[in-house]
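**Q** So that you have it, the file is protein-v8.pdb, and it contains PDB, C-alpha atoms:
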MODEL        1
ATOM      1  CA  MET U   1      -4.725   5.909 -10.164  1.00  0.00           C
ATOM      2  CA  THR U   2      -8.081   7.671  -9.970  1.00  0.00           C
ATOM      3  CA  LYS U   3      -8.248  10.329  -7.289  1.00  0.00           C
ATOM      4  CA  THR U   4     -10.078   9.064  -4.215  1.00  0.00           C
ATOM      5  CA  PRO U   5     -13.089  11.138  -3.098  1.00  0.00           C
ATOM      6  CA  GLU U   6     -12.121  13.551  -0.327  1.00  0.00           C
ATOM      7  CA  ARG U   7     -14.838  12.188   1.958  1.00  0.00           C
ATOM      8  CA  LEU U   8     -12.953   8.877   2.017  1.00  0.00           C
ATOM      9  CA  THR U   9      -9.376  10.101   2.196  1.00  0.00           C
ATOM     10  CA  GLN U  10     -10.135  12.504   5.030  1.00  0.00           C
ATOM     11  CA  ARG U  11     -12.887  10.495   6.704  1.00  0.00           C
ATOM     12  CA  SER U  12     -13.111  10.545  10.493  1.00  0.00           C
ATOM     13  CA  ILE U  13     -15.521   7.605  10.784  1.00  0.00           C
ATOM     14  CA  ARG U  14     -13.802   4.273  11.284  1.00  0.00           C
ATOM     15  CA  THR U  15     -15.209   0.928  10.206  1.00  0.00           C
ATOM     16  CA  PHE U  16     -13.389  -0.830  13.044  1.00  0.00           C
ATOM     17  CA  VAL U  17     -12.539  -0.428  16.717  1.00  0.00           C
ATOM     18  CA  LEU U  18      -9.107  -1.360  18.008  1.00  0.00           C
ATOM     19  CA  ARG U  19      -9.838  -4.087  20.534  1.00  0.00           C
ATOM     20  CA  GLN U  20      -6.245  -5.237  20.813  1.00  0.00           C
ATOM     21  CA  GLY U  21      -6.615  -7.529  23.783  1.00  0.00           C
ATOM     22  CA  ARG U  22      -3.537  -9.100  25.288  1.00  0.00           C
ATOM     23  CA  MET U  23      -0.900 -10.449  22.949  1.00  0.00           C
ATOM     24  CA  THR U  24       0.834 -13.658  23.875  1.00  0.00           C
ATOM     25  CA  PRO U  25       4.624 -13.673  24.052  1.00  0.00           C
ATOM     26  CA  SER U  26       4.759 -15.739  20.848  1.00  0.00           C
ATOM     27  CA  GLN U  27       2.518 -13.251  19.023  1.00  0.00           C
ATOM     28  CA  LYS U  28       4.735 -10.373  20.148  1.00  0.00           C
ATOM     29  CA  GLU U  29       7.786 -12.262  18.983  1.00  0.00           C
ATOM     30  CA  ALA U  30       6.143 -12.968  15.613  1.00  0.00           C
ATOM     31  CA  LEU U  31       5.419  -9.269  15.104  1.00  0.00           C
ATOM     32  CA  ALA U  32       9.009  -8.409  15.908  1.00  0.00           C
ATOM     33  CA  THR U  33      10.747 -11.165  13.964  1.00  0.00           C
ATOM     34  CA  LEU U  34       8.356 -12.353  11.257  1.00  0.00           C
ATOM     35  CA  TYR U  35       6.666  -9.133  10.132  1.00  0.00           C
ATOM     36  CA  PRO U  36       9.873  -7.986   8.393  1.00  0.00           C
ATOM     37  CA  LYS U  37       9.798 -11.295   6.483  1.00  0.00           C
ATOM     38  CA  TRP U  38       6.098 -11.778   5.696  1.00  0.00           C
ATOM     39  CA  GLY U  39       4.678  -8.328   6.352  1.00  0.00           C
ATOM     40  CA  ILE U  40       4.476  -5.254   4.157  1.00  0.00           C
ATOM     41  CA  ALA U  41       5.593  -1.890   5.529  1.00  0.00           C
ATOM     42  CA  TRP U  42       2.947   0.797   5.247  1.00  0.00           C
ATOM     43  CA  ASP U  43       3.883   3.541   2.790  1.00  0.00           C
ATOM     44  CA  PRO U  44       0.876   5.597   1.624  1.00  0.00           C
ATOM     45  CA  ASP U  45       2.818   6.967  -1.325  1.00  0.00           C
ATOM     46  CA  ALA U  46       3.974   3.619  -2.742  1.00  0.00           C
ATOM     47  CA  PRO U  47       1.362   1.603  -4.690  1.00  0.00           C
ATOM     48  CA  LEU U  48       1.907  -2.107  -4.193  1.00  0.00           C
ATOM     49  CA  ASP U  49       3.728  -4.036  -6.900  1.00  0.00           C
ATOM     50  CA  PHE U  50       2.351  -7.540  -6.429  1.00  0.00           C
ATOM     51  CA  ALA U  51       4.753  -9.152  -8.896  1.00  0.00           C
ATOM     52  CA  ALA U  52       7.668  -7.789  -6.883  1.00  0.00           C
ATOM     53  CA  ILE U  53       6.114  -8.650  -3.513  1.00  0.00           C
ATOM     54  CA  PHE U  54       5.437 -12.287  -4.411  1.00  0.00           C
ATOM     55  CA  ASP U  55       8.267 -12.666  -6.926  1.00  0.00           C
ATOM     56  CA  ARG U  56       5.879 -13.951  -9.595  1.00  0.00           C
ATOM     57  CA  THR U  57       2.805 -13.010 -11.612  1.00  0.00           C
ATOM     58  CA  ALA U  58      -0.347 -14.661 -10.273  1.00  0.00           C
ATOM     59  CA  PRO U  59      -3.938 -13.755  -9.351  1.00  0.00           C
ATOM     60  CA  VAL U  60      -4.091 -11.680  -6.170  1.00  0.00           C
ATOM     61  CA  VAL U  61      -6.816 -11.905  -3.515  1.00  0.00           C
ATOM     62  CA  LEU U  62      -7.218  -9.239  -0.838  1.00  0.00           C
ATOM     63  CA  GLU U  63      -8.685 -10.279   2.498  1.00  0.00           C
ATOM     64  CA  ILE U  64     -10.110  -7.425   4.534  1.00  0.00           C
ATOM     65  CA  GLY U  65      -9.997  -8.197   8.235  1.00  0.00           C
ATOM     66  CA  SER U  66      -8.277 -11.566   8.550  1.00  0.00           C
ATOM     67  CA  GLY U  67      -8.935 -11.898  12.285  1.00  0.00           C
ATOM     68  CA  MET U  68      -6.731 -14.541  13.892  1.00  0.00           C
ATOM     69  CA  GLY U  69      -5.796 -15.754  10.418  1.00  0.00           C
ATOM     70  CA  ASP U  70      -6.829 -19.419  10.607  1.00  0.00           C
ATOM     71  CA  ALA U  71      -9.206 -19.247   7.630  1.00  0.00           C
ATOM     72  CA  THR U  72      -6.817 -17.013   5.705  1.00  0.00           C
ATOM     73  CA  ALA U  73      -3.932 -19.427   6.109  1.00  0.00           C
ATOM     74  CA  ALA U  74      -6.138 -22.405   5.190  1.00  0.00           C
ATOM     75  CA  ILE U  75      -7.320 -20.740   1.977  1.00  0.00           C
ATOM     76  CA  ALA U  76      -3.774 -19.755   0.994  1.00  0.00           C
ATOM     77  CA  GLU U  77      -2.473 -23.259   1.706  1.00  0.00           C
ATOM     78  CA  ALA U  78      -5.238 -24.803  -0.418  1.00  0.00           C
ATOM     79  CA  ASN U  79      -4.543 -22.423  -3.338  1.00  0.00           C
ATOM     80  CA  PRO U  80      -0.765 -22.251  -3.911  1.00  0.00           C
ATOM     81  CA  ASP U  81      -1.211 -20.784  -7.410  1.00  0.00           C
ATOM     82  CA  ILE U  82      -2.956 -17.696  -6.007  1.00  0.00           C
ATOM     83  CA  ASP U  83      -1.342 -14.898  -3.993  1.00  0.00           C
ATOM     84  CA  PHE U  84      -3.092 -13.481  -0.922  1.00  0.00           C
ATOM     85  CA  LEU U  85      -2.759 -10.176   0.901  1.00  0.00           C
ATOM     86  CA  ALA U  86      -4.329 -10.099   4.373  1.00  0.00           C
ATOM     87  CA  VAL U  87      -5.064  -6.667   5.850  1.00  0.00           C
ATOM     88  CA  GLU U  88      -5.689  -6.542   9.592  1.00  0.00           C
ATOM     89  CA  VAL U  89      -5.224  -3.888  12.278  1.00  0.00           C
ATOM     90  CA  HIS U  90      -5.320  -6.002  15.437  1.00  0.00           C
ATOM     91  CA  GLY U  91      -1.935  -7.020  16.808  1.00  0.00           C
ATOM     92  CA  PRO U  92      -2.850 -10.457  18.215  1.00  0.00           C
ATOM     93  CA  GLY U  93      -4.426 -11.502  14.915  1.00  0.00           C
ATOM     94  CA  VAL U  94      -1.484 -10.272  12.858  1.00  0.00           C
ATOM     95  CA  GLY U  95       0.949 -12.031  15.163  1.00  0.00           C
ATOM     96  CA  ASN U  96      -0.997 -15.280  15.002  1.00  0.00           C
ATOM     97  CA  LEU U  97      -1.233 -15.173  11.208  1.00  0.00           C
ATOM     98  CA  LEU U  98       2.503 -14.548  10.912  1.00  0.00           C
ATOM     99  CA  LYS U  99       3.109 -17.645  13.021  1.00  0.00           C
ATOM    100  CA  LEU U 100       0.835 -19.679  10.715  1.00  0.00           C
ATOM    101  CA  ILE U 101       2.611 -18.397   7.597  1.00  0.00           C
ATOM    102  CA  GLU U 102       5.988 -19.373   8.997  1.00  0.00           C
ATOM    103  CA  ALA U 103       4.891 -22.758  10.330  1.00  0.00           C
ATOM    104  CA  ARG U 104       3.216 -23.759   7.060  1.00  0.00           C
ATOM    105  CA  GLY U 105       5.754 -22.183   4.724  1.00  0.00           C
ATOM    106  CA  LEU U 106       3.112 -20.113   2.917  1.00  0.00           C
ATOM    107  CA  THR U 107       5.088 -18.146   0.359  1.00  0.00           C
ATOM    108  CA  ASN U 108       1.851 -16.962  -1.304  1.00  0.00           C
ATOM    109  CA  LEU U 109       0.578 -14.972   1.702  1.00  0.00           C
ATOM    110  CA  ARG U 110       1.588 -11.533   2.982  1.00  0.00           C
ATOM    111  CA  VAL U 111       0.212  -9.337   5.772  1.00  0.00           C
ATOM    112  CA  LEU U 112      -0.306  -5.598   5.945  1.00  0.00           C
ATOM    113  CA  ARG U 113      -1.154  -4.173   9.354  1.00  0.00           C
ATOM    114  CA  HIS U 114      -3.191  -1.087   8.572  1.00  0.00           C
ATOM    115  CA  ASP U 115      -6.704   0.268   8.034  1.00  0.00           C
ATOM    116  CA  ALA U 116      -8.086  -1.636   5.034  1.00  0.00           C
ATOM    117  CA  ILE U 117      -9.959   1.336   3.597  1.00  0.00           C
ATOM    118  CA  GLU U 118      -6.836   3.462   3.506  1.00  0.00           C
ATOM    119  CA  VAL U 119      -4.966   0.525   1.994  1.00  0.00           C
ATOM    120  CA  LEU U 120      -7.569   0.351  -0.779  1.00  0.00           C
ATOM    121  CA  GLU U 121      -7.494   4.105  -1.293  1.00  0.00           C
ATOM    122  CA  ARG U 122      -3.767   4.615  -1.321  1.00  0.00           C
ATOM    123  CA  VAL U 123      -1.784   1.538  -2.340  1.00  0.00           C
ATOM    124  CA  ILE U 124      -3.972  -0.995  -4.180  1.00  0.00           C
ATOM    125  CA  PRO U 125      -3.806  -0.242  -7.928  1.00  0.00           C
ATOM    126  CA  GLU U 126      -7.037  -0.058  -9.879  1.00  0.00           C
ATOM    127  CA  SER U 127      -8.212  -3.279 -11.550  1.00  0.00           C
ATOM    128  CA  SER U 128      -5.388  -5.258  -9.923  1.00  0.00           C
ATOM    129  CA  LEU U 129      -7.248  -7.784  -7.752  1.00  0.00           C
ATOM    130  CA  SER U 130      -8.838 -11.056  -8.781  1.00  0.00           C
ATOM    131  CA  ALA U 131     -10.969 -11.155  -5.629  1.00  0.00           C
ATOM    132  CA  ILE U 132     -11.732  -9.475  -2.328  1.00  0.00           C
ATOM    133  CA  HIS U 133     -12.740 -11.527   0.712  1.00  0.00           C
ATOM    134  CA  LEU U 134     -14.722  -9.783   3.430  1.00  0.00           C
ATOM    135  CA  PHE U 135     -15.616 -12.373   6.047  1.00  0.00           C
ATOM    136  CA  PHE U 136     -17.599 -11.472   9.165  1.00  0.00           C
ATOM    137  CA  PRO U 137     -17.011  -7.712   9.291  1.00  0.00           C
ATOM    138  CA  ASP U 138     -18.310  -5.872  12.341  1.00  0.00           C
ATOM    139  CA  PRO U 139     -22.110  -5.596  11.805  1.00  0.00           C
ATOM    140  CA  TRP U 140     -22.423  -2.444  13.910  1.00  0.00           C
ATOM    141  CA  PRO U 141     -25.937  -3.559  14.926  1.00  0.00           C
ATOM    142  CA  LYS U 142     -27.123  -0.300  16.505  1.00  0.00           C
ATOM    143  CA  LYS U 143     -28.876   1.925  13.976  1.00  0.00           C
ATOM    144  CA  GLN U 144     -26.828   4.982  14.949  1.00  0.00           C
ATOM    145  CA  HIS U 145     -23.666   3.036  14.104  1.00  0.00           C
ATOM    146  CA  HIS U 146     -24.738   1.785  10.650  1.00  0.00           C
ATOM    147  CA  LYS U 147     -22.616   4.516   9.054  1.00  0.00           C
ATOM    148  CA  ARG U 148     -19.557   2.628  10.332  1.00  0.00           C
ATOM    149  CA  ARG U 149     -20.345  -0.477   8.306  1.00  0.00           C
ATOM    150  CA  ILE U 150     -17.772  -1.235   5.649  1.00  0.00           C
ATOM    151  CA  VAL U 151     -20.447  -2.428   3.210  1.00  0.00           C
ATOM    152  CA  GLN U 152     -21.983   0.839   2.097  1.00  0.00           C
ATOM    153  CA  PRO U 153     -22.199   2.348  -1.382  1.00  0.00           C
ATOM    154  CA  VAL U 154     -19.110   4.569  -1.466  1.00  0.00           C
ATOM    155  CA  LEU U 155     -16.856   1.902   0.060  1.00  0.00           C
ATOM    156  CA  VAL U 156     -18.207  -0.857  -2.179  1.00  0.00           C
ATOM    157  CA  ALA U 157     -17.521   1.356  -5.197  1.00  0.00           C
ATOM    158  CA  LEU U 158     -13.933   1.719  -3.957  1.00  0.00           C
ATOM    159  CA  MET U 159     -13.550  -2.063  -3.607  1.00  0.00           C
ATOM    160  CA  VAL U 160     -15.015  -2.679  -7.048  1.00  0.00           C
ATOM    161  CA  SER U 161     -12.619  -0.192  -8.636  1.00  0.00           C
ATOM    162  CA  ARG U 162      -9.739  -2.358  -7.427  1.00  0.00           C
ATOM    163  CA  LEU U 163     -11.173  -5.562  -8.919  1.00  0.00           C
ATOM    164  CA  LYS U 164     -10.342  -6.738 -12.398  1.00  0.00           C
ATOM    165  CA  PRO U 165     -13.345  -7.286 -14.699  1.00  0.00           C
ATOM    166  CA  GLY U 166     -14.538 -10.769 -13.815  1.00  0.00           C
ATOM    167  CA  GLY U 167     -13.066 -10.525 -10.311  1.00  0.00           C
ATOM    168  CA  TYR U 168     -15.368 -11.248  -7.402  1.00  0.00           C
ATOM    169  CA  LEU U 169     -16.283  -9.815  -4.001  1.00  0.00           C
ATOM    170  CA  HIS U 170     -17.159 -12.496  -1.437  1.00  0.00           C
ATOM    171  CA  CYS U 171     -18.836 -11.345   1.783  1.00  0.00           C
ATOM    172  CA  ALA U 172     -20.013 -13.454   4.701  1.00  0.00           C
ATOM    173  CA  THR U 173     -21.893 -12.564   7.885  1.00  0.00           C
ATOM    174  CA  ASP U 174     -23.800 -14.301  10.655  1.00  0.00           C
ATOM    175  CA  TRP U 175     -25.940 -11.211  11.296  1.00  0.00           C
ATOM    176  CA  GLU U 176     -29.175 -11.544   9.291  1.00  0.00           C
ATOM    177  CA  GLU U 177     -30.066  -7.854   9.150  1.00  0.00           C
ATOM    178  CA  TYR U 178     -26.565  -7.045   7.924  1.00  0.00           C
ATOM    179  CA  ALA U 179     -26.807  -9.810   5.312  1.00  0.00           C
ATOM    180  CA  HIS U 180     -29.854  -8.130   3.774  1.00  0.00           C
ATOM    181  CA  TRP U 181     -28.142  -4.737   4.056  1.00  0.00           C
ATOM    182  CA  MET U 182     -25.172  -6.151   2.152  1.00  0.00           C
ATOM    183  CA  ARG U 183     -27.400  -7.593  -0.553  1.00  0.00           C
ATOM    184  CA  GLU U 184     -29.198  -4.279  -1.093  1.00  0.00           C
ATOM    185  CA  VAL U 185     -25.957  -2.307  -1.298  1.00  0.00           C
ATOM    186  CA  LEU U 186     -24.259  -4.807  -3.602  1.00  0.00           C
ATOM    187  CA  ASP U 187     -27.331  -5.101  -5.837  1.00  0.00           C
ATOM    188  CA  ALA U 188     -27.301  -1.314  -6.255  1.00  0.00           C
ATOM    189  CA  GLU U 189     -23.683  -1.203  -7.474  1.00  0.00           C
ATOM    190  CA  PRO U 190     -23.893  -1.055 -11.305  1.00  0.00           C
ATOM    191  CA  LEU U 191     -20.547  -2.779 -11.831  1.00  0.00           C
ATOM    192  CA  LEU U 192     -21.522  -5.877  -9.832  1.00  0.00           C
ATOM    193  CA  THR U 193     -23.613  -8.906 -10.695  1.00  0.00           C
ATOM    194  CA  ASN U 194     -24.714 -11.618  -8.250  1.00  0.00           C
ATOM    195  CA  ASP U 195     -23.249 -15.079  -8.858  1.00  0.00           C
ATOM    196  CA  TYR U 196     -26.416 -16.541  -7.287  1.00  0.00           C
ATOM    197  CA  PRO U 197     -29.267 -14.490  -8.788  1.00  0.00           C
ATOM    198  CA  ALA U 198     -31.997 -17.025  -8.037  1.00  0.00           C
ATOM    199  CA  SER U 199     -31.296 -17.276  -4.304  1.00  0.00           C
ATOM    200  CA  ALA U 200     -29.441 -13.944  -3.750  1.00  0.00           C
ATOM    201  CA  PHE U 201     -27.230 -15.678  -1.188  1.00  0.00           C
ATOM    202  CA  ALA U 202     -24.725 -18.419  -2.045  1.00  0.00           C
ATOM    203  CA  GLN U 203     -26.417 -21.799  -1.816  1.00  0.00           C
ATOM    204  CA  PRO U 204     -24.880 -24.159  -1.004  1.00  0.00           C
ATOM    205  CA  ARG U 205     -22.229 -22.489   1.100  1.00  0.00           C
ATOM    206  CA  PRO U 206     -19.047 -21.942  -0.991  1.00  0.00           C
ATOM    207  CA  ALA U 207     -16.701 -24.804  -0.186  1.00  0.00           C
ATOM    208  CA  TRP U 208     -13.587 -22.646  -0.640  1.00  0.00           C
ATOM    209  CA  ARG U 209     -14.335 -20.620   2.531  1.00  0.00           C
ATOM    210  CA  PRO U 210     -13.166 -22.595   5.584  1.00  0.00           C
ATOM    211  CA  ARG U 211     -15.234 -22.374   8.736  1.00  0.00           C
ATOM    212  CA  THR U 212     -13.582 -20.390  11.501  1.00  0.00           C
ATOM    213  CA  LYS U 213     -13.746 -21.433  15.148  1.00  0.00           C
ATOM    214  CA  PHE U 214     -15.965 -18.403  15.775  1.00  0.00           C
ATOM    215  CA  GLU U 215     -18.319 -19.432  12.978  1.00  0.00           C
ATOM    216  CA  GLN U 216     -18.453 -23.046  14.118  1.00  0.00           C
ATOM    217  CA  ARG U 217     -19.356 -21.997  17.667  1.00  0.00           C
ATOM    218  CA  GLY U 218     -22.176 -19.882  16.284  1.00  0.00           C
ATOM    219  CA  GLN U 219     -23.484 -22.660  14.087  1.00  0.00           C
ATOM    220  CA  ASN U 220     -23.439 -25.023  17.064  1.00  0.00           C
ATOM    221  CA  LEU U 221     -25.798 -22.532  18.698  1.00  0.00           C
ATOM    222  CA  GLY U 222     -28.002 -22.479  15.620  1.00  0.00           C
ATOM    223  CA  HIS U 223     -26.754 -19.221  14.110  1.00  0.00           C
ATOM    224  CA  PRO U 224     -26.963 -19.324  10.295  1.00  0.00           C
ATOM    225  CA  VAL U 225     -24.356 -17.733   8.033  1.00  0.00           C
ATOM    226  CA  TRP U 226     -25.049 -15.831   4.819  1.00  0.00           C
ATOM    227  CA  ASP U 227     -22.513 -15.760   1.969  1.00  0.00           C
ATOM    228  CA  LEU U 228     -22.764 -13.314  -0.929  1.00  0.00           C
ATOM    229  CA  VAL U 229     -20.625 -13.546  -4.056  1.00  0.00           C
ATOM    230  CA  TYR U 230     -20.720 -10.712  -6.588  1.00  0.00           C
ATOM    231  CA  ARG U 231     -18.628 -10.349  -9.724  1.00  0.00           C
ATOM    232  CA  ARG U 232     -17.367  -7.212 -11.410  1.00  0.00           C
ATOM    233  CA  ARG U 233     -18.791  -6.524 -14.840  1.00  0.00           C
ATOM    234  CA  ALA U 234     -16.700  -5.173 -17.674  1.00  0.00           C
ATOM    235  CA  ALA U 235     -19.079  -2.194 -17.890  1.00  0.00           C
ATOM    236  CA  PRO U 236     -22.046  -0.789 -15.937  1.00  0.00           C
ATOM    237  CA  VAL U 237     -25.480  -2.167 -16.808  1.00  0.00           C
ATOM    238  CA  ASP U 238     -26.651   1.102 -18.379  1.00  0.00           C
ATOM    239  CA  SER U 239     -23.692   1.087 -20.791  1.00  0.00           C
ATOM    240  CA  LEU U 240     -24.111  -2.505 -21.985  1.00  0.00           C
ATOM    241  CA  PRO U 241     -25.620  -2.972 -25.460  1.00  0.00           C
ATOM    242  CA  SER U 242     -29.282  -3.934 -25.440  1.00  0.00           C
ATOM    243  CA  GLU U 243     -30.280  -7.379 -26.717  1.00  0.00           C
TER
ENDMDL
END
Show me this structure written as structure tokens.

**A**
Amino acid sequence: MTKTPERLTQRSIRTFVLRQGRMTPSQKEALATLYPKWGIAWDPDAPLDFAAIFDRTAPVVLEIGSGMGDATAAIAEANPDIDFLAVEVHGPGVGNLLKLIEARGLTNLRVLRHDAIEVLERVIPESSLSAIHLFFPDPWPKKQHHKRRIVQPVLVALMVSRLKPGGYLHCATDWEEYAHWMREVLDAEPLLTNDYPASAFAQPRPAWRPRTKFEQRGQNLGHPVWDLVYRRRAAPVDSLPSE
């Protein structure tokens, strides 16, 4: 694997804040009893072998920040021929997703409780993912906190390096300023091309992304949502042959 830039491996700035909240007894029990079954133990020196993890060869989608897991579980249930890896740091969300996996018998979904950026840096092989889902990341609205946003050039380049050529990065946000920030950063990445060049944002809304309860509450209040879908090129624009 390509050596990760030192500024990422040894970074002190986090793209998330641990707001653990109170776990329910059932979420605590799920972490204790179901994580060994559906979770992946963190080992920074062991790149993930997806064929071994899922006991088959299939496209793999990484979800960064799965929240409480409702949308993640719904997508996995609707796409049994695709394998999904959900990365989340918050205990209540991980516990809830484990419960959903068990209740629905989702053999194509695993959970890794760790910082997603370190997961990408250390254990996701290059060009191994068919897609990355990044739904409603923290917008860090204050200007002095923009450096904490996960969608920024160096981190997008890291995500793209883990995508197969033709794989896509799907982002969604309900924060308009962050939506335009995302578009500018993604447009500037030479290995990405927008699936919706005419409108920049996905129109209509991609049907494969289920609405979360959080999103539905926002839409009931009139808050729009912006989806962006970008696909990895086989080569940067400046290296493609001219027409």

**Q** Env of U:His170: 8 Å cut, atoms = all atoms listed in the file, seq-sep filter 3 positions within chain, self excluded. Answer as a PyMOL selection string.

**A** chain U and resi 131-135+227-230

**Q** Contacts of stretch 38-44 of chain U at 8 Å or less, counting all atoms listed in the file, minus same-chain residues fewer than 2 places along, as a PDB file with C-alpha atoms, in the coordinates of the input?

**A**
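That gives us selection-v2.pdb:
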ATOM      1  CA  LEU U  34       8.356 -12.353  11.257  1.00  0.00           C
ATOM      2  CA  TYR U  35       6.666  -9.133  10.132  1.00  0.00           C
ATOM      3  CA  PRO U  36       9.873  -7.986   8.393  1.00  0.00           C
ATOM      4  CA  ALA U  46       3.974   3.619  -2.742  1.00  0.00           C
ATOM      5  CA  PRO U  47       1.362   1.603  -4.690  1.00  0.00           C
ATOM      6  CA  LEU U  98       2.503 -14.548  10.912  1.00  0.00           C
ATOM      7  CA  ILE U 101       2.611 -18.397   7.597  1.00  0.00           C
ATOM      8  CA  LEU U 109       0.578 -14.972   1.702  1.00  0.00           C
ATOM      9  CA  ARG U 110       1.588 -11.533   2.982  1.00  0.00           C
ATOM     10  CA  VAL U 111       0.212  -9.337   5.772  1.00  0.00           C
ATOM     11  CA  LEU U 112      -0.306  -5.598   5.945  1.00  0.00           C
ATOM     12  CA  ARG U 113      -1.154  -4.173   9.354  1.00  0.00           C
ATOM     13  CA  HIS U 114      -3.191  -1.087   8.572  1.00  0.00           C
ATOM     14  CA  VAL U 119      -4.966   0.525   1.994  1.00  0.00           C
ATOM     15  CA  ARG U 122      -3.767   4.615  -1.321  1.00  0.00           C
ATOM     16  CA  VAL U 123      -1.784   1.538  -2.340  1.00  0.00           C
TER      17      VAL U 123
END

**Q** Env of stretch 89-95 of chain U: 8 Å cut, atoms = all atoms listed in the file, seq-sep filter 3 positions within chain, self excluded. Answer as a PyMOL selection string.

**A** chain U and resi 18-24+26-31+65-69+98-99+111+113-115

**Q** Do you have the atom CA of U:Ile53-atom CA of U:Leu120 distance handy?

**A**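 A separation of 16.6 Å between them.
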
**Q** Taking only C-alpha atoms into account, which of U:Pro204, U:Pro137, U:Gly105, U:Pro125 comes nearest U:Lys164?

**A**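 Among the listed residues, the smallest separation from U:Lys164 belongs to U:Pro125.
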
**Q** List as a PyMOL selection string the protein and nucleic acid residues near U:Ser127, meaning an atom at most 12 Å away when all atoms listed in the file are counted, but skip any in the same chain fewer than 6 places from it.

**A** chain U and resi 1-2+59-61+120+158-168+232-234

**Q** Using all atoms listed in the file - which residues lie no farther than 12 Å from the point (-31.4, -0.4, 5.1) in the file's frame? Write them as a list in words.

**A**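 Here is the list of nearby residues: Pro141, Lys143, His146, Lys147, Arg149, Val151, Gln152, Pro153, Glu177, Tyr178, Ala179, His180, Trp181, Met182, Arg183, Glu184 and Val185 of chain U.
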
**Q** Pick the closest to U:Leu62 from U:Thr212, U:Ala32, U:Asn220, U:Ile75: which is it, counting all atoms listed in the file?

**A** U:Ile75

**Q** Name the closest residue to U:Phe201 among the candidates U:Phe50, U:Trp175, U:Trp226, U:Phe136; distances are taken between atoms, counting all atoms listed in the file.

**A** U:Trp226

**Q** For atom CA of U:Thr107 and atom CA of U:Ser128, quote the distance in Å rounded to one decimal.

**A**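 Straight-line distance from atom CA of U:Thr107 to atom CA of U:Ser128 works out to 19.5 Å.
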
**Q** May I ask which of the residues U:Asp174, U:Asp138, U:Asp187, U:Asp45 is the closest one to U:Ile124, counting all atoms listed in the file?

**A**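 Residue with the minimum atom-to-atom distance to U:Ile124: U:Asp45.
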
**Q** Figure out the distance between atom CA of U:Glu189 and atom CA of U:Leu169, please, to one decimal in Å.

**A**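 Between these atoms lies a distance of 11.9 Å.
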
**Q** Would you mind writing stretch 78-88 of chain U with N, CA, C and O atoms, as a PDB file, in the coordinates of the input?

**A**
ATOM      1  N   ALA U  78      -4.481 -23.991   0.539  1.00  0.00           N
ATOM      2  CA  ALA U  78      -5.238 -24.803  -0.418  1.00  0.00           C
ATOM      3  C   ALA U  78      -5.128 -24.275  -1.845  1.00  0.00           C
ATOM      4  O   ALA U  78      -5.513 -24.978  -2.794  1.00  0.00           O
ATOM      5  N   ASN U  79      -4.607 -23.044  -2.002  1.00  0.00           N
ATOM      6  CA  ASN U  79      -4.543 -22.423  -3.338  1.00  0.00           C
ATOM      7  C   ASN U  79      -3.143 -21.862  -3.587  1.00  0.00           C
ATOM      8  O   ASN U  79      -2.946 -20.637  -3.658  1.00  0.00           O
ATOM      9  N   PRO U  80      -2.153 -22.719  -3.771  1.00  0.00           N
ATOM     10  CA  PRO U  80      -0.765 -22.251  -3.911  1.00  0.00           C
ATOM     11  C   PRO U  80      -0.516 -21.443  -5.180  1.00  0.00           C
ATOM     12  O   PRO U  80       0.505 -20.741  -5.255  1.00  0.00           O
ATOM     13  N   ASP U  81      -1.401 -21.530  -6.162  1.00  0.00           N
ATOM     14  CA  ASP U  81      -1.211 -20.784  -7.410  1.00  0.00           C
ATOM     15  C   ASP U  81      -1.803 -19.383  -7.346  1.00  0.00           C
ATOM     16  O   ASP U  81      -1.786 -18.651  -8.343  1.00  0.00           O
ATOM     17  N   ILE U  82      -2.357 -19.012  -6.200  1.00  0.00           N
ATOM     18  CA  ILE U  82      -2.956 -17.696  -6.007  1.00  0.00           C
ATOM     19  C   ILE U  82      -2.211 -16.989  -4.890  1.00  0.00           C
ATOM     20  O   ILE U  82      -1.815 -17.609  -3.898  1.00  0.00           O
ATOM     21  N   ASP U  83      -1.995 -15.681  -5.031  1.00  0.00           N
ATOM     22  CA  ASP U  83      -1.342 -14.898  -3.993  1.00  0.00           C
ATOM     23  C   ASP U  83      -2.391 -14.170  -3.160  1.00  0.00           C
ATOM     24  O   ASP U  83      -3.409 -13.692  -3.695  1.00  0.00           O
ATOM     25  N   PHE U  84      -2.132 -14.061  -1.853  1.00  0.00           N
ATOM     26  CA  PHE U  84      -3.092 -13.481  -0.922  1.00  0.00           C
ATOM     27  C   PHE U  84      -2.439 -12.367  -0.112  1.00  0.00           C
ATOM     28  O   PHE U  84      -1.311 -12.505   0.369  1.00  0.00           O
ATOM     29  N   LEU U  85      -3.173 -11.275   0.046  1.00  0.00           N
ATOM     30  CA  LEU U  85      -2.759 -10.176   0.901  1.00  0.00           C
ATOM     31  C   LEU U  85      -3.808 -10.008   1.986  1.00  0.00           C
ATOM     32  O   LEU U  85      -4.962  -9.687   1.695  1.00  0.00           O
ATOM     33  N   ALA U  86      -3.426 -10.246   3.239  1.00  0.00           N
ATOM     34  CA  ALA U  86      -4.329 -10.099   4.373  1.00  0.00           C
ATOM     35  C   ALA U  86      -4.088  -8.749   5.027  1.00  0.00           C
ATOM     36  O   ALA U  86      -2.948  -8.412   5.365  1.00  0.00           O
ATOM     37  N   VAL U  87      -5.164  -7.974   5.209  1.00  0.00           N
ATOM     38  CA  VAL U  87      -5.064  -6.667   5.850  1.00  0.00           C
ATOM     39  C   VAL U  87      -5.811  -6.732   7.176  1.00  0.00           C
ATOM     40  O   VAL U  87      -7.004  -7.063   7.209  1.00  0.00           O
ATOM     41  N   GLU U  88      -5.115  -6.447   8.244  1.00  0.00           N
ATOM     42  CA  GLU U  88      -5.689  -6.542   9.592  1.00  0.00           C
ATOM     43  C   GLU U  88      -5.015  -5.504  10.482  1.00  0.00           C
ATOM     44  O   GLU U  88      -3.821  -5.228  10.331  1.00  0.00           O
TER      45      GLU U  88
END
